[in-house]
>>> print(open('run.cif').read())   # mmCIF, C-alpha atoms
data_my_file
#
loop_
_atom_site.group_PDB
_atom_site.id
_atom_site.type_symbol
_atom_site.label_atom_id
_atom_site.label_comp_id
_atom_site.auth_asym_id
_atom_site.auth_seq_id
_atom_site.Cartn_x
_atom_site.Cartn_y
_atom_site.Cartn_z
ATOM 1 C CA ASN K 1 84.045 126.050 88.101
ATOM 2 C CA SER K 2 86.944 128.080 86.732
ATOM 3 C CA TYR K 3 87.713 129.385 90.214
ATOM 4 C CA LYS K 4 87.700 125.858 91.683
ATOM 5 C CA MET K 5 89.959 124.561 88.923
ATOM 6 C CA LYS K 6 92.495 127.342 89.446
ATOM 7 C CA MET K 7 92.420 126.881 93.218
ATOM 8 C CA SER K 8 93.117 123.155 92.769
ATOM 9 C CA ILE K 9 96.185 123.928 90.647
ATOM 10 C CA THR K 10 97.334 126.591 93.108
ATOM 11 C CA MET K 11 97.044 124.241 96.077
ATOM 12 C CA GLY K 12 98.763 121.433 94.184
ATOM 13 C CA VAL K 13 101.760 123.447 93.012
ATOM 14 C CA SER K 14 102.140 125.011 96.471
ATOM 15 C CA GLN K 15 102.137 121.616 98.163
ATOM 16 C CA MET K 16 104.614 120.146 95.664
ATOM 17 C CA MET K 17 106.936 123.108 96.125
ATOM 18 C CA PHE K 18 106.682 122.647 99.889
ATOM 19 C CA GLY K 19 107.656 118.993 99.437
ATOM 20 C CA VAL K 20 110.707 119.990 97.394
ATOM 21 C CA VAL K 21 111.693 122.440 100.149
ATOM 22 C CA LEU K 22 111.393 119.645 102.712
ATOM 23 C CA SER K 23 113.929 117.639 100.718
ATOM 24 C CA LEU K 24 116.448 120.404 101.472
ATOM 25 C CA PHE K 25 116.232 119.619 105.179
ATOM 26 C CA ASN K 26 116.863 115.935 104.411
ATOM 27 C CA HIS K 27 119.987 116.826 102.400
ATOM 28 C CA ILE K 28 121.263 119.038 105.232
ATOM 29 C CA TYR K 29 120.488 116.494 107.952
ATOM 30 C CA PHE K 30 122.152 113.581 106.151
ATOM 31 C CA LYS K 31 125.024 115.863 105.023
ATOM 32 C CA ARG K 32 124.414 115.194 101.336
ATOM 33 C CA HIS K 33 125.549 118.629 100.272
ATOM 34 C CA ILE K 34 125.982 117.645 96.646
ATOM 35 C CA ASN K 35 122.227 117.004 96.434
ATOM 36 C CA ILE K 36 121.519 120.623 97.370
ATOM 37 C CA TRP K 37 122.995 122.184 94.262
ATOM 38 C CA ALA K 38 122.793 119.110 91.995
ATOM 39 C CA SER K 39 119.165 118.151 92.727
ATOM 40 C CA PHE K 40 117.351 120.656 94.946
ATOM 41 C CA ILE K 41 118.197 123.844 93.044
ATOM 42 C CA PRO K 42 117.338 122.504 89.544
ATOM 43 C CA GLU K 43 114.124 120.989 90.920
ATOM 44 C CA VAL K 44 113.052 124.350 92.324
ATOM 45 C CA LEU K 45 113.949 126.081 89.063
ATOM 46 C CA PHE K 46 112.096 123.582 86.882
ATOM 47 C CA LEU K 47 108.958 123.532 89.021
ATOM 48 C CA GLY K 48 108.974 127.275 89.639
ATOM 49 C CA CYS K 49 109.694 128.425 86.082
ATOM 50 C CA ILE K 50 106.795 126.465 84.598
ATOM 51 C CA PHE K 51 104.115 125.745 87.162
ATOM 52 C CA GLY K 52 105.112 128.400 89.665
ATOM 53 C CA TYR K 53 104.772 130.910 86.839
ATOM 54 C CA LEU K 54 101.332 129.473 86.048
ATOM 55 C CA VAL K 55 100.224 130.036 89.658
ATOM 56 C CA PHE K 56 101.606 133.584 89.503
ATOM 57 C CA MET K 57 99.636 134.242 86.320
ATOM 58 C CA ILE K 58 96.468 132.889 87.960
ATOM 59 C CA PHE K 59 96.685 135.545 90.674
ATOM 60 C CA PHE K 60 97.805 138.143 88.121
ATOM 61 C CA LYS K 61 94.720 137.425 86.022
ATOM 62 C CA TRP K 62 92.455 137.732 89.058
ATOM 63 C CA LEU K 63 93.956 141.085 90.040
ATOM 64 C CA ALA K 64 94.823 142.718 86.711
ATOM 65 C CA VAL K 65 92.117 141.561 84.318
ATOM 66 C CA ASP K 66 89.071 143.778 84.882
ATOM 67 C CA SER K 67 86.296 145.147 82.713
ATOM 68 C CA SER K 68 88.556 147.802 81.174
ATOM 69 C CA PHE K 69 91.174 145.171 80.303
ATOM 70 C CA ARG K 70 88.517 142.965 78.699
ATOM 71 C CA ALA K 71 87.146 145.925 76.725
ATOM 72 C CA ALA K 72 90.599 146.906 75.476
ATOM 73 C CA THR K 73 91.718 143.404 74.466
ATOM 74 C CA GLY K 74 88.375 141.871 73.525
ATOM 75 C CA GLY K 75 88.332 139.341 76.373
ATOM 76 C CA ALA K 76 90.530 137.640 78.940
ATOM 77 C CA PRO K 77 93.456 135.560 77.596
ATOM 78 C CA SER K 78 93.428 131.834 78.338
ATOM 79 C CA LEU K 79 96.026 130.621 80.821
ATOM 80 C CA LEU K 80 96.053 127.148 79.278
ATOM 81 C CA ILE K 81 96.825 128.548 75.825
ATOM 82 C CA MET K 82 99.477 130.777 77.398
ATOM 83 C CA LEU K 83 101.178 127.765 79.009
ATOM 84 C CA ILE K 84 101.132 125.783 75.752
ATOM 85 C CA ASN K 85 102.455 128.723 73.730
ATOM 86 C CA MET K 86 105.392 129.065 76.112
ATOM 87 C CA PHE K 87 106.843 126.020 74.329
ATOM 88 C CA LEU K 88 105.127 125.946 70.927
ATOM 89 C CA ALA K 89 105.568 129.680 70.252
ATOM 90 C CA PHE K 90 108.957 130.009 71.906
ATOM 91 C CA GLY K 91 110.716 133.306 71.133
ATOM 92 C CA LYS K 92 107.760 134.798 69.257
ATOM 93 C CA ASP K 93 106.009 138.047 70.096
ATOM 94 C CA ILE K 94 102.694 137.700 71.887
ATOM 95 C CA GLU K 95 99.946 139.621 70.168
ATOM 96 C CA GLU K 96 97.404 141.784 71.944
ATOM 97 C CA PRO K 97 94.504 139.342 72.504
ATOM 98 C CA MET K 98 96.797 136.853 74.279
ATOM 99 C CA ARG K 99 99.111 139.303 76.063
ATOM 100 C CA PHE K 100 98.760 140.020 79.761
ATOM 101 C CA TYR K 101 101.612 142.519 80.128
ATOM 102 C CA ASN K 102 104.389 144.137 78.107
ATOM 103 C CA GLY K 103 107.486 141.992 77.696
ATOM 104 C CA GLN K 104 105.574 138.785 78.379
ATOM 105 C CA GLY K 105 107.226 136.950 75.480
ATOM 106 C CA ILE K 106 110.739 137.719 76.731
ATOM 107 C CA VAL K 107 109.916 136.663 80.299
ATOM 108 C CA GLN K 108 108.312 133.404 79.218
ATOM 109 C CA SER K 109 111.169 132.555 76.850
ATOM 110 C CA ALA K 110 113.685 133.125 79.638
ATOM 111 C CA LEU K 111 111.679 130.886 81.986
ATOM 112 C CA VAL K 112 111.563 128.109 79.397
ATOM 113 C CA VAL K 113 115.336 128.349 78.871
ATOM 114 C CA ILE K 114 115.956 128.093 82.626
ATOM 115 C CA ALA K 115 113.602 125.113 82.922
ATOM 116 C CA VAL K 116 115.299 123.325 80.010
ATOM 117 C CA ILE K 117 118.771 123.986 81.464
ATOM 118 C CA ALA K 118 117.625 122.549 84.797
ATOM 119 C CA VAL K 119 117.001 119.119 83.212
ATOM 120 C CA PRO K 120 120.619 118.296 82.163
ATOM 121 C CA TRP K 121 121.793 120.065 85.313
ATOM 122 C CA MET K 122 119.757 117.597 87.351
ATOM 123 C CA LEU K 123 120.740 114.636 85.165
ATOM 124 C CA PHE K 124 124.501 114.937 84.655
ATOM 125 C CA THR K 125 125.905 117.044 87.499
ATOM 126 C CA LYS K 126 125.716 114.572 90.371
ATOM 127 C CA PRO K 127 127.069 111.506 88.491
ATOM 128 C CA LEU K 128 129.893 113.578 86.975
ATOM 129 C CA VAL K 129 130.927 115.116 90.309
ATOM 130 C CA LEU K 130 130.833 111.737 92.070
ATOM 131 C CA TYR K 131 132.903 110.204 89.275
ATOM 132 C CA LEU K 132 135.568 112.918 89.504
ATOM 133 C CA ARG K 133 135.639 112.639 93.302
ATOM 134 C CA ASN K 134 136.005 108.875 93.132
ATOM 135 C CA LYS K 135 138.756 109.140 90.514
ATOM 136 C CA LYS K 136 140.672 111.617 92.659
ATOM 137 C CA ARG K 137 140.145 109.492 95.776
ATOM 138 C CA ARG K 138 141.345 106.326 94.065
ATOM 139 C CA LYS K 139 144.431 108.121 92.834
ATOM 140 C CA TYR K 140 145.130 109.384 96.353
ATOM 141 C CA TYR K 141 144.715 105.990 98.001
ATOM 142 C CA GLY K 142 146.692 104.378 95.198
ATOM 143 C CA GLN K 143 149.651 106.614 95.973
ATOM 144 C CA ILE K 144 149.399 105.754 99.674
ATOM 145 C CA GLY K 145 149.192 102.065 98.855
ATOM 146 C CA SER K 146 152.296 102.222 96.650
ATOM 147 C CA VAL K 147 154.239 103.955 99.426
ATOM 148 C CA ASN K 148 153.139 101.462 102.088
ATOM 149 C CA GLY K 149 153.520 98.465 99.815
ATOM 150 C CA ASP K 150 149.773 97.681 99.844
ATOM 151 C CA ASP K 151 147.791 96.417 96.899
ATOM 152 C CA ASP K 152 145.729 98.737 94.783
ATOM 153 C CA ASP K 153 142.586 96.766 95.564
ATOM 154 C CA GLN K 154 142.816 97.655 99.237
ATOM 155 C CA SER K 155 142.179 101.326 98.518
ATOM 156 C CA ALA K 156 138.404 101.212 98.924
ATOM 157 C CA ASP K 157 136.122 103.886 97.614
ATOM 158 C CA HIS K 158 134.426 106.014 100.239
ATOM 159 C CA THR K 159 131.130 107.767 100.150
ATOM 160 C CA GLU K 160 130.215 111.088 101.731
ATOM 161 C CA GLY K 161 129.109 109.374 104.922
ATOM 162 C CA GLY K 162 132.497 107.738 105.358
ATOM 163 C CA GLU K 163 131.327 104.199 104.538
ATOM 164 C CA SER K 164 133.408 102.248 102.065
ATOM 165 C CA GLU K 165 131.592 100.692 99.146
ATOM 166 C CA ALA K 166 132.283 99.953 95.486
ATOM 167 C CA PHE K 167 131.706 102.874 93.156
ATOM 168 C CA ASN K 168 129.531 102.026 90.180
ATOM 169 C CA MET K 169 129.138 104.856 87.693
ATOM 170 C CA GLY K 170 126.471 103.008 85.750
ATOM 171 C CA ASP K 171 124.226 102.498 88.766
ATOM 172 C CA ILE K 172 124.574 106.100 89.864
ATOM 173 C CA PHE K 173 123.772 107.453 86.395
ATOM 174 C CA VAL K 174 120.751 105.168 85.971
ATOM 175 C CA HIS K 175 119.440 106.138 89.392
ATOM 176 C CA GLN K 176 119.858 109.835 88.618
ATOM 177 C CA ALA K 177 118.246 109.416 85.190
ATOM 178 C CA ILE K 178 115.229 107.721 86.761
ATOM 179 C CA HIS K 179 114.975 110.489 89.349
ATOM 180 C CA THR K 180 115.182 113.206 86.680
ATOM 181 C CA ILE K 181 112.594 111.635 84.392
ATOM 182 C CA GLU K 182 110.281 110.896 87.302
ATOM 183 C CA PHE K 183 110.509 114.440 88.628
ATOM 184 C CA CYS K 184 110.055 116.221 85.280
ATOM 185 C CA LEU K 185 107.165 114.074 84.122
ATOM 186 C CA GLY K 186 105.768 113.986 87.640
ATOM 187 C CA CYS K 187 105.513 117.770 87.753
ATOM 188 C CA ILE K 188 103.100 117.583 84.807
ATOM 189 C CA SER K 189 101.118 114.530 85.864
ATOM 190 C CA ASN K 190 100.998 115.497 89.536
ATOM 191 C CA THR K 191 99.724 118.977 88.740
ATOM 192 C CA ALA K 192 96.981 117.449 86.598
ATOM 193 C CA SER K 193 96.255 114.964 89.371
ATOM 194 C CA TYR K 194 95.359 117.786 91.747
ATOM 195 C CA LEU K 195 92.432 118.581 89.446
ATOM 196 C CA ARG K 196 90.671 115.682 91.165
ATOM 197 C CA LEU K 197 89.818 118.231 93.870
ATOM 198 C CA TRP K 198 87.918 120.199 91.249
ATOM 199 C CA ALA K 199 86.212 117.014 90.013
ATOM 200 C CA LEU K 200 85.161 116.072 93.552
ATOM 201 C CA SER K 201 83.619 119.496 94.013
ATOM 202 C CA LEU K 202 81.689 119.197 90.762
ATOM 203 C CA ALA K 203 80.450 115.700 91.660
ATOM 204 C CA HIS K 204 79.327 116.857 95.090
ATOM 205 C CA ALA K 205 77.431 119.816 93.621
ATOM 206 C CA GLU K 206 75.694 117.643 90.997
ATOM 207 C CA LEU K 207 74.687 115.002 93.552
ATOM 208 C CA SER K 208 73.299 117.699 95.831
ATOM 209 C CA GLU K 209 71.254 119.137 92.982
ATOM 210 C CA VAL K 210 69.961 115.691 91.960
ATOM 211 C CA LEU K 211 68.875 114.811 95.498
ATOM 212 C CA TRP K 212 67.201 118.171 95.903
ATOM 213 C CA GLY K 213 65.371 118.011 92.576
ATOM 214 C CA MET K 214 64.303 114.348 92.690
ATOM 215 C CA ALA K 215 63.470 114.013 96.373
ATOM 216 C CA PHE K 216 62.885 117.093 98.489
ATOM 217 C CA HIS K 217 61.683 119.399 95.730
ATOM 218 C CA ALA K 218 59.018 116.881 94.723
ATOM 219 C CA GLY K 219 57.524 117.051 98.206
ATOM 220 C CA LEU K 220 57.470 120.829 98.171
ATOM 221 C CA ASP K 221 55.535 120.804 94.895
ATOM 222 C CA GLU K 222 52.701 118.801 96.435
ATOM 223 C CA LYS K 223 49.607 121.032 96.188
ATOM 224 C CA SER K 224 47.137 118.941 98.172
ATOM 225 C CA SER K 225 46.336 120.442 101.564
ATOM 226 C CA VAL K 226 45.645 116.999 103.068
ATOM 227 C CA LEU K 227 48.454 114.876 101.647
ATOM 228 C CA GLY K 228 50.976 117.700 101.432
ATOM 229 C CA PRO K 229 52.362 117.490 104.997
ATOM 230 C CA VAL K 230 52.405 113.661 104.928
ATOM 231 C CA VAL K 231 54.231 113.556 101.611
ATOM 232 C CA LEU K 232 56.620 116.232 102.790
ATOM 233 C CA VAL K 233 57.529 114.236 105.909
ATOM 234 C CA ILE K 234 58.112 111.059 103.895
ATOM 235 C CA VAL K 235 60.111 112.856 101.219
ATOM 236 C CA PHE K 236 62.177 114.654 103.848
ATOM 237 C CA ALA K 237 63.025 111.328 105.493
ATOM 238 C CA VAL K 238 64.119 109.869 102.128
ATOM 239 C CA TRP K 239 66.094 113.005 101.313
ATOM 240 C CA ALA K 240 67.794 113.004 104.741
ATOM 241 C CA VAL K 241 68.773 109.328 104.472
ATOM 242 C CA LEU K 242 70.193 109.774 100.973
ATOM 243 C CA THR K 243 72.009 112.968 101.958
ATOM 244 C CA ILE K 244 73.660 111.369 104.982
ATOM 245 C CA SER K 245 74.519 108.072 103.266
ATOM 246 C CA ILE K 246 75.657 109.434 99.885
ATOM 247 C CA LEU K 247 76.770 113.031 100.348
ATOM 248 C CA LEU K 248 78.209 112.848 103.845
ATOM 249 C CA ILE K 249 79.469 109.276 104.266
ATOM 250 C CA MET K 250 80.273 108.121 100.728
ATOM 251 C CA GLU K 251 81.427 111.489 99.401
ATOM 252 C CA GLY K 252 83.323 112.219 102.613
ATOM 253 C CA LEU K 253 85.148 108.884 102.408
ATOM 254 C CA SER K 254 85.900 109.477 98.730
ATOM 255 C CA ALA K 255 87.303 112.941 99.425
ATOM 256 C CA PHE K 256 89.409 111.547 102.281
ATOM 257 C CA LEU K 257 90.872 108.805 100.081
ATOM 258 C CA HIS K 258 91.659 111.246 97.265
ATOM 259 C CA ALA K 259 93.344 113.661 99.682
ATOM 260 C CA LEU K 260 95.319 110.790 101.228
ATOM 261 C CA ARG K 261 96.398 109.694 97.764
ATOM 262 C CA LEU K 262 97.567 113.228 96.903
ATOM 263 C CA HIS K 263 99.645 113.360 100.077
ATOM 264 C CA TRP K 264 101.186 109.937 99.543
ATOM 265 C CA VAL K 265 101.945 110.076 95.796
ATOM 266 C CA GLU K 266 102.178 113.707 94.699
ATOM 267 C CA PHE K 267 103.549 115.212 97.926
ATOM 268 C CA ASN K 268 105.679 112.514 99.560
ATOM 269 C CA ASN K 269 107.683 111.603 96.454
ATOM 270 C CA LYS K 270 109.205 115.092 96.456
ATOM 271 C CA PHE K 271 111.183 114.414 99.643
ATOM 272 C CA TYR K 272 110.506 110.909 100.982
ATOM 273 C CA SER K 273 112.682 107.915 100.212
ATOM 274 C CA GLY K 274 112.210 104.422 101.555
ATOM 275 C CA ASP K 275 115.701 104.194 103.027
ATOM 276 C CA GLY K 276 116.477 103.866 106.682
ATOM 277 C CA TYR K 277 116.879 101.223 109.349
ATOM 278 C CA LYS K 278 114.797 98.104 109.728
ATOM 279 C CA PHE K 279 112.366 98.432 112.620
ATOM 280 C CA ARG K 280 113.133 96.146 115.516
ATOM 281 C CA PRO K 281 110.652 96.231 118.402
ATOM 282 C CA TYR K 282 112.083 96.353 121.889
ATOM 283 C CA SER K 283 112.446 92.930 123.467
ATOM 284 C CA PHE K 284 113.598 92.084 127.002
ATOM 285 C CA ALA K 285 114.589 88.580 125.835
ATOM 286 C CA ALA K 286 116.834 90.019 123.137
ATOM 287 C CA GLN K 287 118.396 92.415 125.635
ATOM 288 C CA LEU K 288 119.163 89.646 128.140
ATOM 289 C CA SER K 289 120.568 87.299 125.509
ATOM 290 C CA GLY K 290 122.656 90.019 123.881
ATOM 291 C CA GLU K 291 121.106 89.534 120.424
ATOM 292 C CA SER K 292 120.172 93.203 120.185
ATOM 293 C CA GLU K 293 123.811 94.158 119.834
#
>>> encode(input="run.cif", output="structure tokens")
Amino acid sequence: NSYKMKMSITMGVSQMMFGVVLSLFNHIYFKRHINIWASFIPEVLFLGCIFGYLVFMIFFKWLAVDSSFRAATGGAPSLLIMLINMFLAFGKDIEEPMRFYNGQGIVQSALVVIAVIAVPWMLFTKPLVLYLRNKKRRKYYGQIGSVNGDDDDQSADHTEGGESEAFNMGDIFVHQAIHTIEFCLGCISNTASYLRLWALSLAHAELSEVLWGMAFHAGLDEKSSVLGPVVLVIVFAVWAVLTISILLIMEGLSAFLHALRLHWVEFNNKFYSGDGYKFRPYSFAAQLSGESE
């Protein structure tokens, strides 16, 4: 059970990090270069310094903690307690029963500092840079308008893509605040959500044991030489029907829906946004009438 739980966390953090990396390709493709160092880099630092470090410690515990380590320290340290103490016991020395390696307290304190710095970096950098760019752009177009005799209102604000639209600092800051809160809290809740893989495994194992003990095993315990084969055939038929209907069909559908949910919620929100162009199916009538233009 411990192995399955750790594998669920490892798979979840790896998939979320892969989703964050995919967002980099979106920023490059749409030429939103400010999002690379104002959103992508702090997201990688926050996710990697906390949960990436947890995944590293999972593999470190598998490889480094052996019988000699357990004998010297009196047991294997808990990774959950280690993760909690990163924040609650910040800056304190880690004593021997809870220490994996020398200098662990310094490394964990540095990781917490980087993760905390990444939050205001993600929150304030993009709105501040866009505000300064807009202020400089308005000043530039205002000077051109005064030279040409144009009004100040005609100097429209331009975005990175070259489209002119009104600049609203409040909207940009609120949008960035929502993104920051959603990402930081989502890293915690999404990582815990991947534990559903562990829960599905436990449920499948318990159902298998129940069907074996209540159905098939009862037929094998039949001692009568006459009724034994008949009972065994009947019990096997019941066991086969329950196994196919519950374990294969129902459990398979449940696992598929949970995996689909993990892809859609925990994975897609790291890089997917619902922007784009409205889908218009191809129509010969629209082409002939010129409405498609």
>>> resolve_selection(input="run.cif", expression="the PyMOL selection byres ((chain K and resi 194-206) around 6)", output="list in words")
Lys4, Met5, Ser8, Gly12, Thr191, Ala192, Ser193, Leu207, Ser208 and Glu209 of chain K
>>> residues_around(input="run.cif", residues="K:Val55", least_positions_apart="3", cutoff="12 Å", atoms="all atoms listed in the file", output="VMD selection string")
chain K and resid 5 to 14 17 47 to 52 58 to 62 79 to 80 83 191
>>> axis_aligned_box(input="run.cif", around="stretch 14-26 of chain K", padding_each_side="6 Å", output="AutoDock Vina command-line options")
--center_x 109.5 --center_y 120.5 --center_z 100.4 --size_x 26.7 --size_y 21.1 --size_z 21.5
>>> resolve_selection(input="run.cif", expression="the PyMOL selection byres ((chain K and resi 18-23) around 8)", output="MDAnalysis selection string")
chainID K and resid 14:17 24:27 40 43:44 267:272
>>> closest_residue(input="run.cif", among="K:Leu232, K:Leu242, K:Val265, K:Leu123", to="K:His175", atoms="all atoms listed in the file")
K:Leu123
>>> closest_residue(input="run.cif", among="K:Ile117, K:Phe46, K:Phe100, K:Ala110", to="K:Leu63", atoms="only C-alpha atoms")
K:Phe100
>>> closest_residue(input="run.cif", among="K:Gly103, K:Glu96, K:Ile178, K:Phe183", to="K:Ala118", atoms="all atoms listed in the file")
K:Phe183
>>> atom_distance(input="run.cif", atom1="atom CA of K:Ile172", atom2="atom CA of K:Val129")
11.0 Å
